[in-house]
Amino acid sequence: MKRLVLCSLFFLLMCLSLLSMDRYKVYAYDNIDNITAKCYVVTDNNGNILINNKCNEKRQVASICKLMTTLITLEKIDNGELALDDKMLVSSYAANAEGSQAFLDAGSEYVVRDLLKSVIIASANDSAIVLAEGIGGSEKAFARLMNDKARDVGMFSTMYANSTGLPAPEQYSTAYDTAILLNLLSKFELYHEYCGIWIDSLTHPSGRVTELVNTNRMIKYYDYCEVGKTGFTDEAGYCLATKNTKNDFSIITVVLGSNNSANRFTDSMKLSNYVFANFTSERVITAGEEVENDVVVTRGKEDSIKLITNDDFYFTRRITDKDVYEIQYLLPKTIEARIEEGETVGEVLVLVDAVVVAEVPIIAAETIERENYSDIVSKIVEKFSIVGRE
């Protein structure tokens, strides 16, 4: 009964807060004065910093930590180690988590789909812990996975102690590291799908129903917001990370330590609108685009190979700056087989004023097997056959 009352109260408070959102529908800001966030950053698709304030300052980021919990879960699903219909058991520890909850029943099993959805939509701490325990064996072990992943993706100023972001002295991140994390997470279609849900419901095994209300108001009230995550504790202040796209120009905006809930949204909108008004972005390299080449394959079944670019690259600049860049292709003259599909063969450089601003891998679009004795004989026969005809 206590949980039912708490759930109803939480839903009522959320609905009342939504009724007051209309006053935040005006986004016409021509400057970035009066930002309340203690730290912020806006990056482009390539992770380039466009504007920032103390973006590398280490601080607690509250439920923003759940972005990493979500990323690891989605990667497990993507590589087949985990399925959305898999069930996970709710421990007493998870069921009694502090802060925002999906009000899970201890001792019951929930499918990964519902756990993940409640984390992404409603920032449920209990669901995050169940995912952590189900994947890592314990929340402590899962935190080690989180830290390993952070190092792997270049988040060198981040340390995790739990899966939820609840206060811990040894836990911290930065605005810039958060931008890296959200940019990676935004590549998952399922994350986009769940982030776009405004209100949903979770039916428990007992038949009880919990309402899930999206904590990220930007999804509903900011036309350019695609995905995002909120966070709040007394230690962290009010935090928000969003990916926003306008006219194919995508940015990641992170604000940490805003002074109240409403201001984290207005801070984010001010910063995003400033960048959209003052910067432009052009895709100059497209992932999967074939690269013309005269690379000779040696000791392979084929003498030539199809090469493609591995990533997109967007050239972002201030509107007032010159639109001048140079693209150079660096490829070897020869490459020895065996060559694996996806293997890096060279790179594309993007230069501005003779300074390299980006390096995009050029990869093999096909596998070229190493030639065997029969292949060598066939080539010799073919060569002499051609000579004979001449």
# chains A, B, ... in the order shown; residues from 1 in each chain; ligands from 1
call {"tool": "residues_around", "arguments": {"residues": "range 100-111 of chain A", "least_positions_apart": "6", "cutoff": "8 Å", "atoms": "only C-alpha atoms", "output": "ChimeraX atom specification"}}
result
/A:3,7,84-92,94,118,122-127,202,204-205,210,212
call {"tool": "residues_around", "arguments": {"residues": "Pro332 in chain A", "least_positions_apart": "6", "cutoff": "10 Å", "atoms": "only C-alpha atoms", "output": "list in words"}}
result
Asn293, Asp294, Val295, Val296, Val345 and Gly346 of chain A
call {"tool": "atom_distance", "arguments": {"atom1": "CA of Thr344 in chain A", "atom2": "CA of Asp311 in chain A"}}
result
11.9 Å
call {"tool": "residues_around", "arguments": {"residues": "Tyr40 in chain A", "least_positions_apart": "3", "cutoff": "9 Å", "atoms": "only C-alpha atoms", "output": "VMD selection string"}}
result
chain A and resid 37 51 to 55 174 to 176 253 to 257 268 271
call {"tool": "write_last_selection", "arguments": {"atoms": "all heavy atoms", "output": "JSON list (two decimals), in the first residue's frame"}}
result
[["chain", "number", "residue", "atom", "x", "y", "z"],
["A", 37, "ALA", "N", 24.01, 26.78, -15.21],
["A", 37, "ALA", "CA", 24.80, 25.56, -15.06],
["A", 37, "ALA", "C", 26.24, 25.89, -14.69],
["A", 37, "ALA", "O", 26.84, 26.81, -15.25],
["A", 37, "ALA", "CB", 24.77, 24.75, -16.36],
["A", 51, "ILE", "N", 31.21, 25.25, -27.93],
["A", 51, "ILE", "CA", 31.25, 26.22, -26.83],
["A", 51, "ILE", "C", 31.30, 25.43, -25.53],
["A", 51, "ILE", "O", 30.79, 24.30, -25.46],
["A", 51, "ILE", "CB", 30.02, 27.17, -26.82],
["A", 51, "ILE", "CG1", 28.71, 26.37, -26.81],
["A", 51, "ILE", "CG2", 30.06, 28.13, -27.98],
["A", 51, "ILE", "CD1", 27.47, 27.24, -26.67],
["A", 52, "ASN", "N", 31.89, 26.01, -24.50],
["A", 52, "ASN", "CA", 31.95, 25.29, -23.23],
["A", 52, "ASN", "C", 32.30, 26.21, -22.08],
["A", 52, "ASN", "O", 32.82, 27.31, -22.27],
["A", 52, "ASN", "CB", 32.97, 24.15, -23.31],
["A", 52, "ASN", "CG", 34.38, 24.59, -22.95],
["A", 52, "ASN", "OD1", 34.80, 24.43, -21.81],
["A", 52, "ASN", "ND2", 35.11, 25.16, -23.91],
["A", 53, "ASN", "N", 32.03, 25.75, -20.89],
["A", 53, "ASN", "CA", 32.49, 26.38, -19.66],
["A", 53, "ASN", "C", 32.83, 25.26, -18.68],
["A", 53, "ASN", "O", 31.96, 24.47, -18.31],
["A", 53, "ASN", "CB", 31.40, 27.27, -19.07],
["A", 53, "ASN", "CG", 31.85, 27.92, -17.76],
["A", 53, "ASN", "OD1", 32.89, 28.56, -17.70],
["A", 53, "ASN", "ND2", 31.07, 27.73, -16.71],
["A", 54, "LYS", "N", 34.10, 25.14, -18.34],
["A", 54, "LYS", "CA", 34.57, 24.15, -17.38],
["A", 54, "LYS", "C", 34.12, 22.74, -17.76],
["A", 54, "LYS", "O", 33.70, 21.95, -16.91],
["A", 54, "LYS", "CB", 34.08, 24.48, -15.96],
["A", 54, "LYS", "CG", 34.54, 25.83, -15.44],
["A", 54, "LYS", "CD", 33.97, 26.11, -14.06],
["A", 54, "LYS", "CE", 34.39, 27.47, -13.54],
["A", 54, "LYS", "NZ", 33.79, 27.77, -12.21],
["A", 55, "CYS", "N", 34.23, 22.42, -19.05],
["A", 55, "CYS", "CA", 33.68, 21.15, -19.52],
["A", 55, "CYS", "C", 34.48, 19.94, -19.05],
["A", 55, "CYS", "O", 33.99, 18.81, -19.16],
["A", 55, "CYS", "CB", 33.55, 21.15, -21.04],
["A", 55, "CYS", "SG", 35.11, 21.04, -21.94],
["A", 174, "THR", "N", 32.42, 14.40, -16.23],
["A", 174, "THR", "CA", 32.53, 15.77, -16.71],
["A", 174, "THR", "C", 31.50, 16.01, -17.80],
["A", 174, "THR", "O", 30.92, 15.07, -18.36],
["A", 174, "THR", "CB", 33.93, 16.04, -17.30],
["A", 174, "THR", "OG1", 34.08, 15.27, -18.51],
["A", 174, "THR", "CG2", 35.04, 15.68, -16.33],
["A", 175, "ALA", "N", 31.30, 17.27, -18.13],
["A", 175, "ALA", "CA", 30.38, 17.60, -19.22],
["A", 175, "ALA", "C", 30.88, 17.02, -20.53],
["A", 175, "ALA", "O", 30.10, 16.46, -21.33],
["A", 175, "ALA", "CB", 30.21, 19.11, -19.32],
["A", 176, "TYR", "N", 32.19, 17.11, -20.79],
["A", 176, "TYR", "CA", 32.73, 16.61, -22.05],
["A", 176, "TYR", "C", 32.62, 15.09, -22.15],
["A", 176, "TYR", "O", 32.23, 14.54, -23.18],
["A", 176, "TYR", "CB", 34.17, 17.04, -22.24],
["A", 176, "TYR", "CG", 34.74, 16.57, -23.57],
["A", 176, "TYR", "CD1", 34.23, 17.07, -24.77],
["A", 176, "TYR", "CD2", 35.74, 15.62, -23.63],
["A", 176, "TYR", "CE1", 34.72, 16.63, -26.00],
["A", 176, "TYR", "CE2", 36.24, 15.17, -24.85],
["A", 176, "TYR", "CZ", 35.72, 15.68, -26.03],
["A", 176, "TYR", "OH", 36.19, 15.22, -27.24],
["A", 253, "THR", "N", 24.39, 18.61, -26.29],
["A", 253, "THR", "CA", 24.44, 19.70, -25.31],
["A", 253, "THR", "C", 24.34, 19.11, -23.91],
["A", 253, "THR", "O", 23.41, 18.35, -23.61],
["A", 253, "THR", "CB", 23.28, 20.68, -25.53],
["A", 253, "THR", "OG1", 23.35, 21.20, -26.86],
["A", 253, "THR", "CG2", 23.34, 21.84, -24.54],
["A", 254, "VAL", "N", 25.30, 19.45, -23.06],
["A", 254, "VAL", "CA", 25.33, 18.93, -21.69],
["A", 254, "VAL", "C", 25.42, 20.10, -20.72],
["A", 254, "VAL", "O", 26.30, 20.97, -20.87],
["A", 254, "VAL", "CB", 26.54, 18.00, -21.46],
["A", 254, "VAL", "CG1", 26.55, 17.48, -20.03],
["A", 254, "VAL", "CG2", 26.52, 16.84, -22.46],
["A", 255, "VAL", "N", 24.52, 20.14, -19.75],
["A", 255, "VAL", "CA", 24.59, 21.13, -18.69],
["A", 255, "VAL", "C", 24.62, 20.38, -17.35],
["A", 255, "VAL", "O", 23.83, 19.48, -17.12],
["A", 255, "VAL", "CB", 23.40, 22.13, -18.73],
["A", 255, "VAL", "CG1", 23.45, 22.95, -20.00],
["A", 255, "VAL", "CG2", 22.05, 21.42, -18.64],
["A", 256, "LEU", "N", 25.54, 20.76, -16.50],
["A", 256, "LEU", "CA", 25.69, 20.13, -15.19],
["A", 256, "LEU", "C", 25.61, 21.19, -14.10],
["A", 256, "LEU", "O", 26.25, 22.24, -14.19],
["A", 256, "LEU", "CB", 27.04, 19.41, -15.09],
["A", 256, "LEU", "CG", 27.34, 18.34, -16.14],
["A", 256, "LEU", "CD1", 28.74, 17.75, -15.90],
["A", 256, "LEU", "CD2", 26.29, 17.24, -16.14],
["A", 257, "GLY", "N", 24.85, 20.90, -13.07],
["A", 257, "GLY", "CA", 24.79, 21.79, -11.92],
["A", 257, "GLY", "C", 23.95, 23.03, -12.12],
["A", 257, "GLY", "O", 24.25, 24.08, -11.54],
["A", 268, "SER", "N", 19.90, 24.52, -21.44],
["A", 268, "SER", "CA", 20.19, 23.66, -22.59],
["A", 268, "SER", "C", 19.65, 24.26, -23.89],
["A", 268, "SER", "O", 20.34, 24.25, -24.92],
["A", 268, "SER", "CB", 19.58, 22.27, -22.37],
["A", 268, "SER", "OG", 19.88, 21.41, -23.44],
["A", 271, "LEU", "N", 21.81, 27.33, -25.00],
["A", 271, "LEU", "CA", 23.09, 26.92, -25.58],
["A", 271, "LEU", "C", 22.89, 26.30, -26.96],
["A", 271, "LEU", "O", 23.63, 26.60, -27.90],
["A", 271, "LEU", "CB", 23.78, 25.92, -24.65],
["A", 271, "LEU", "CG", 24.23, 26.48, -23.29],
["A", 271, "LEU", "CD1", 24.63, 25.35, -22.35],
["A", 271, "LEU", "CD2", 25.38, 27.46, -23.45]]
call {"tool": "select_by_dssp", "arguments": {"residues": "range 198-253 of chain A", "states": "strand (DSSP E or B)", "output": "VMD selection string"}}
result
chain A and resid 199 to 203 209 to 213 225 to 233 237 to 246 249 to 253
call {"tool": "select_by_dssp", "arguments": {"residues": "range 231-309 of chain A", "states": "alpha helix (DSSP H)", "output": "NGL selection string"}}
result
:A and (261-278)
call {"tool": "write_last_selection", "arguments": {"atoms": "N, CA and C atoms", "output": "mmCIF file, in the first residue's frame"}}
result
data_model
loop_
_atom_site.group_PDB
_atom_site.id
_atom_site.type_symbol
_atom_site.label_atom_id
_atom_site.label_comp_id
_atom_site.auth_asym_id
_atom_site.auth_seq_id
_atom_site.Cartn_x
_atom_site.Cartn_y
_atom_site.Cartn_z
ATOM 1 N N SER A 261 15.260 22.745 -11.630
ATOM 2 C CA SER A 261 14.846 21.862 -12.709
ATOM 3 C C SER A 261 14.513 22.616 -13.985
ATOM 4 N N ALA A 262 13.756 23.716 -13.860
ATOM 5 C CA ALA A 262 13.368 24.473 -15.057
ATOM 6 C C ALA A 262 14.583 25.047 -15.762
ATOM 7 N N ASN A 263 15.558 25.518 -15.001
ATOM 8 C CA ASN A 263 16.714 26.179 -15.619
ATOM 9 C C ASN A 263 17.634 25.229 -16.360
ATOM 10 N N ARG A 264 17.642 23.949 -15.966
ATOM 11 C CA ARG A 264 18.483 23.029 -16.748
ATOM 12 C C ARG A 264 17.958 22.921 -18.179
ATOM 13 N N PHE A 265 16.620 23.011 -18.345
ATOM 14 C CA PHE A 265 16.036 22.950 -19.681
ATOM 15 C C PHE A 265 16.253 24.258 -20.438
ATOM 16 N N THR A 266 16.052 25.382 -19.769
ATOM 17 C CA THR A 266 16.278 26.660 -20.456
ATOM 18 C C THR A 266 17.763 26.869 -20.739
ATOM 19 N N ASP A 267 18.640 26.439 -19.827
ATOM 20 C CA ASP A 267 20.083 26.504 -20.082
ATOM 21 C C ASP A 267 20.429 25.728 -21.354
ATOM 22 N N SER A 268 19.903 24.520 -21.444
ATOM 23 C CA SER A 268 20.190 23.661 -22.594
ATOM 24 C C SER A 268 19.651 24.264 -23.888
ATOM 25 N N MET A 269 18.453 24.814 -23.839
ATOM 26 C CA MET A 269 17.867 25.410 -25.035
ATOM 27 C C MET A 269 18.623 26.658 -25.469
ATOM 28 N N LYS A 270 19.030 27.475 -24.509
ATOM 29 C CA LYS A 270 19.807 28.670 -24.838
ATOM 30 C C LYS A 270 21.096 28.293 -25.561
ATOM 31 N N LEU A 271 21.812 27.330 -24.996
ATOM 32 C CA LEU A 271 23.091 26.919 -25.578
ATOM 33 C C LEU A 271 22.892 26.301 -26.961
ATOM 34 N N SER A 272 21.880 25.459 -27.087
ATOM 35 C CA SER A 272 21.618 24.807 -28.368
ATOM 36 C C SER A 272 21.221 25.819 -29.428
ATOM 37 N N ASN A 273 20.337 26.726 -29.084
ATOM 38 C CA ASN A 273 19.897 27.732 -30.042
ATOM 39 C C ASN A 273 21.029 28.663 -30.448
ATOM 40 N N TYR A 274 21.920 28.965 -29.513
ATOM 41 C CA TYR A 274 23.078 29.804 -29.826
ATOM 42 C C TYR A 274 23.947 29.117 -30.881
ATOM 43 N N VAL A 275 24.195 27.822 -30.696
ATOM 44 C CA VAL A 275 25.029 27.083 -31.647
ATOM 45 C C VAL A 275 24.340 26.979 -33.001
ATOM 46 N N PHE A 276 23.055 26.670 -33.010
ATOM 47 C CA PHE A 276 22.337 26.582 -34.286
ATOM 48 C C PHE A 276 22.349 27.912 -35.034
ATOM 49 N N ALA A 277 22.351 29.013 -34.290
ATOM 50 C CA ALA A 277 22.324 30.339 -34.923
ATOM 51 C C ALA A 277 23.698 30.801 -35.387
ATOM 52 N N ASN A 278 24.757 30.268 -34.772
ATOM 53 C CA ASN A 278 26.096 30.793 -35.034
ATOM 54 C C ASN A 278 27.065 29.819 -35.693
#
call {"tool": "residues_around", "arguments": {"residues": "Arg144 in chain A", "least_positions_apart": "3", "cutoff": "10 Å", "atoms": "only C-alpha atoms", "output": "CSV table (one decimal) with N, CA, C and O atoms, in the first residue's frame"}}
result
chain,number,residue,atom,x,y,z
A,136,GLY,N,26.2,-8.0,-14.6
A,136,GLY,CA,27.5,-8.1,-14.0
A,136,GLY,C,27.6,-9.1,-12.8
A,136,GLY,O,28.7,-9.3,-12.4
A,139,GLU,N,26.1,-5.2,-8.5
A,139,GLU,CA,26.3,-3.8,-8.9
A,139,GLU,C,27.7,-3.4,-8.9
A,139,GLU,O,28.2,-2.6,-9.8
A,140,LYS,N,28.5,-3.9,-7.9
A,140,LYS,CA,29.9,-3.5,-7.8
A,140,LYS,C,30.7,-4.0,-9.0
A,140,LYS,O,31.5,-3.3,-9.6
A,141,ALA,N,30.4,-5.3,-9.4
A,141,ALA,CA,31.1,-5.9,-10.6
A,141,ALA,C,30.6,-5.1,-11.8
A,141,ALA,O,31.5,-4.9,-12.7
A,147,ASN,N,33.4,1.3,-15.8
A,147,ASN,CA,34.7,2.0,-15.8
A,147,ASN,C,35.6,1.5,-17.0
A,147,ASN,O,36.3,2.3,-17.6
A,148,ASP,N,35.6,0.2,-17.2
A,148,ASP,CA,36.3,-0.3,-18.4
A,148,ASP,C,35.8,0.3,-19.7
A,148,ASP,O,36.6,0.7,-20.6
A,149,LYS,N,34.5,0.3,-19.8
A,149,LYS,CA,33.9,0.9,-21.0
A,149,LYS,C,34.3,2.4,-21.2
A,149,LYS,O,34.6,2.9,-22.3
A,150,ALA,N,34.3,3.1,-20.0
A,150,ALA,CA,34.6,4.5,-20.1
A,150,ALA,C,36.0,4.7,-20.6
A,150,ALA,O,36.3,5.6,-21.4
A,159,MET,N,34.6,8.3,-13.4
A,159,MET,CA,34.7,7.1,-12.5
A,159,MET,C,33.3,6.8,-12.0
A,159,MET,O,32.6,7.7,-11.5
A,160,TYR,N,33.0,5.5,-12.1
A,160,TYR,CA,31.7,5.0,-11.6
A,160,TYR,C,31.8,4.2,-10.4
A,160,TYR,O,32.8,3.4,-10.2
A,161,ALA,N,30.8,4.3,-9.5
A,161,ALA,CA,30.8,3.5,-8.3
A,161,ALA,C,29.5,2.7,-8.2
A,161,ALA,O,29.4,1.7,-7.5
A,162,ASN,N,28.5,3.1,-9.0
A,162,ASN,CA,27.2,2.4,-9.1
A,162,ASN,C,26.5,2.6,-10.4
A,162,ASN,O,27.0,3.3,-11.3
call {"tool": "closest_atom_pairs", "arguments": {"of": "range 29-129 of chain A", "to": "range 213-232 of chain A", "cutoff": "10 Å", "atoms": "only C-alpha atoms", "output": "Markdown table"}}
result
| residue | atom | partner | partner_atom | distance |
| --- | --- | --- | --- | --- |
| A:Gln60 | CA | A:Phe232 | CA | 9.6 |
| A:Val61 | CA | A:Gly231 | CA | 6.7 |
| A:Ala62 | CA | A:Gly231 | CA | 5.0 |
| A:Ser63 | CA | A:Gly231 | CA | 4.3 |
| A:Ile64 | CA | A:Gly231 | CA | 5.4 |
| A:Cys65 | CA | A:Gly231 | CA | 8.4 |
| A:Lys66 | CA | A:Lys229 | CA | 8.3 |
| A:Leu67 | CA | A:Lys229 | CA | 7.4 |
| A:Gly99 | CA | A:Phe232 | CA | 9.7 |
| A:Ser118 | CA | A:Val213 | CA | 8.9 |
| A:Val119 | CA | A:Asn214 | CA | 9.8 |
| A:Ile120 | CA | A:Lys229 | CA | 7.6 |
| A:Ile121 | CA | A:Asn214 | CA | 4.6 |
| A:Ala122 | CA | A:Asn214 | CA | 5.2 |
| A:Ser123 | CA | A:Thr215 | CA | 7.2 |
call {"tool": "write_last_selection", "arguments": {"atoms": "N, CA and C atoms", "output": "CSV table (one decimal), in the first residue's frame"}}
result
chain,number,residue,atom,x,y,z
A,60,GLN,N,30.0,15.2,-9.6
A,60,GLN,CA,28.9,14.2,-9.6
A,60,GLN,C,27.9,14.6,-10.6
A,61,VAL,N,27.3,13.6,-11.3
A,61,VAL,CA,26.4,13.9,-12.4
A,61,VAL,C,25.0,13.2,-12.2
A,62,ALA,N,24.8,12.6,-11.0
A,62,ALA,CA,23.5,12.0,-10.7
A,62,ALA,C,23.1,11.0,-11.7
A,63,SER,N,21.9,11.0,-12.1
A,63,SER,CA,21.4,9.9,-13.0
A,63,SER,C,21.9,9.9,-14.4
A,64,ILE,N,22.7,10.9,-14.8
A,64,ILE,CA,23.4,10.9,-16.0
A,64,ILE,C,24.3,9.6,-16.1
A,65,CYS,N,24.7,9.1,-15.0
A,65,CYS,CA,25.4,7.8,-14.9
A,65,CYS,C,24.7,6.7,-15.6
A,66,LYS,N,23.3,6.8,-15.6
A,66,LYS,CA,22.5,5.7,-16.2
A,66,LYS,C,22.7,5.6,-17.7
A,67,LEU,N,23.3,6.6,-18.3
A,67,LEU,CA,23.6,6.6,-19.8
A,67,LEU,C,24.6,5.4,-20.0
A,99,GLY,N,15.5,7.1,-4.3
A,99,GLY,CA,15.2,8.0,-5.4
A,99,GLY,C,14.1,7.5,-6.3
A,118,SER,N,12.0,1.5,-18.5
A,118,SER,CA,11.8,2.3,-17.2
A,118,SER,C,13.0,3.1,-16.8
A,119,VAL,N,14.2,2.6,-17.2
A,119,VAL,CA,15.4,3.3,-16.9
A,119,VAL,C,15.5,4.5,-17.9
A,120,ILE,N,15.2,4.3,-19.2
A,120,ILE,CA,15.4,5.4,-20.2
A,120,ILE,C,14.3,6.4,-20.0
A,121,ILE,N,13.0,6.0,-19.8
A,121,ILE,CA,11.9,6.9,-19.7
A,121,ILE,C,11.9,7.6,-18.3
A,122,ALA,N,11.9,6.8,-17.3
A,122,ALA,CA,11.6,7.3,-15.9
A,122,ALA,C,12.8,7.4,-15.0
A,123,SER,N,14.0,7.0,-15.5
A,123,SER,CA,15.2,7.1,-14.7
A,123,SER,C,15.1,6.2,-13.4
call {"tool": "closest_residue", "arguments": {"among": "A:Ala236, A:Glu302, A:Thr203, A:Leu116", "to": "Ile77 in chain A", "atoms": "only C-alpha atoms"}}
result
A:Leu116
call {"tool": "atom_distance", "arguments": {"atom1": "CA of Glu326 in chain A", "atom2": "CA of Val352 in chain A"}}
result
6.4 Å
call {"tool": "closest_residue", "arguments": {"among": "A:Asp353, A:Asp177, A:Glu343, A:Glu170", "to": "Met68 in chain A", "atoms": "only C-alpha atoms"}}
result
A:Asp177
call {"tool": "atom_distance", "arguments": {"atom1": "CA of Glu336 in chain A", "atom2": "CA of Val356 in chain A"}}
result
28.1 Å
call {"tool": "closest_residue", "arguments": {"among": "A:Asn79, A:Glu369, A:Asp44, A:Ser157", "to": "Thr245 in chain A", "atoms": "only C-alpha atoms"}}
result
A:Asp44
call {"tool": "residues_around", "arguments": {"residues": "Asp248 in chain A", "least_positions_apart": "5", "cutoff": "10 Å", "atoms": "only C-alpha atoms", "output": "list in words"}}
result
Thr280, Ser281, Glu282 and Arg283 of chain A
call {"tool": "closest_residue", "arguments": {"among": "A:Leu71, A:Lys117, A:Val297, A:Leu50", "to": "Ile199 in chain A", "atoms": "only C-alpha atoms"}}
result
A:Lys117
call {"tool": "decode", "arguments": {"residues": "range 50-58 of chain A", "atoms": "all heavy atoms", "output": "tab-separated table (two decimals), in the first residue's frame"}}
result
chain	number	residue	atom	x	y	z
A	50	LEU	N	32.29	23.06	-29.42
A	50	LEU	CA	31.88	24.31	-30.07
A	50	LEU	C	31.85	25.45	-29.06
A	50	LEU	O	32.37	26.53	-29.33
A	50	LEU	CB	30.52	24.13	-30.75
A	50	LEU	CG	30.45	22.96	-31.75
A	50	LEU	CD1	29.07	22.88	-32.37
A	50	LEU	CD2	31.52	23.10	-32.82
A	51	ILE	N	31.21	25.25	-27.93
A	51	ILE	CA	31.25	26.22	-26.83
A	51	ILE	C	31.30	25.43	-25.53
A	51	ILE	O	30.79	24.30	-25.46
A	51	ILE	CB	30.02	27.17	-26.82
A	51	ILE	CG1	28.71	26.37	-26.81
A	51	ILE	CG2	30.06	28.13	-27.98
A	51	ILE	CD1	27.47	27.24	-26.67
A	52	ASN	N	31.89	26.01	-24.50
A	52	ASN	CA	31.95	25.29	-23.23
A	52	ASN	C	32.30	26.21	-22.08
A	52	ASN	O	32.82	27.31	-22.27
A	52	ASN	CB	32.97	24.15	-23.31
A	52	ASN	CG	34.38	24.59	-22.95
A	52	ASN	OD1	34.80	24.43	-21.81
A	52	ASN	ND2	35.11	25.16	-23.91
A	53	ASN	N	32.03	25.75	-20.89
A	53	ASN	CA	32.49	26.38	-19.66
A	53	ASN	C	32.83	25.26	-18.68
A	53	ASN	O	31.96	24.47	-18.31
A	53	ASN	CB	31.40	27.27	-19.07
A	53	ASN	CG	31.85	27.92	-17.76
A	53	ASN	OD1	32.89	28.56	-17.70
A	53	ASN	ND2	31.07	27.73	-16.71
A	54	LYS	N	34.10	25.14	-18.34
A	54	LYS	CA	34.57	24.15	-17.38
A	54	LYS	C	34.12	22.74	-17.76
A	54	LYS	O	33.70	21.95	-16.91
A	54	LYS	CB	34.08	24.48	-15.96
A	54	LYS	CG	34.54	25.83	-15.44
A	54	LYS	CD	33.97	26.11	-14.06
A	54	LYS	CE	34.39	27.47	-13.54
A	54	LYS	NZ	33.79	27.77	-12.21
A	55	CYS	N	34.23	22.42	-19.05
A	55	CYS	CA	33.68	21.15	-19.52
A	55	CYS	C	34.48	19.94	-19.05
A	55	CYS	O	33.99	18.81	-19.16
A	55	CYS	CB	33.55	21.15	-21.04
A	55	CYS	SG	35.11	21.04	-21.94
A	56	ASN	N	35.68	20.15	-18.53
A	56	ASN	CA	36.49	19.04	-18.03
A	56	ASN	C	36.57	19.01	-16.51
A	56	ASN	O	37.37	18.27	-15.93
A	56	ASN	CB	37.90	19.10	-18.63
A	56	ASN	CG	37.90	18.79	-20.11
A	56	ASN	OD1	37.32	17.80	-20.55
A	56	ASN	ND2	38.54	19.64	-20.90
A	57	GLU	N	35.72	19.78	-15.87
A	57	GLU	CA	35.69	19.78	-14.40
A	57	GLU	C	34.99	18.52	-13.89
A	57	GLU	O	33.86	18.23	-14.28
A	57	GLU	CB	34.97	21.02	-13.88
A	57	GLU	CG	34.91	21.11	-12.36
A	57	GLU	CD	34.26	22.39	-11.88
A	57	GLU	OE1	34.88	23.47	-12.06
A	57	GLU	OE2	33.13	22.33	-11.36
A	58	LYS	N	35.66	17.79	-13.00
A	58	LYS	CA	35.08	16.56	-12.46
A	58	LYS	C	34.04	16.89	-11.39
A	58	LYS	O	34.31	17.68	-10.48
A	58	LYS	CB	36.18	15.68	-11.85
A	58	LYS	CG	37.20	15.18	-12.86
A	58	LYS	CD	38.30	14.38	-12.20
A	58	LYS	CE	39.34	13.91	-13.20
A	58	LYS	NZ	40.47	13.20	-12.55
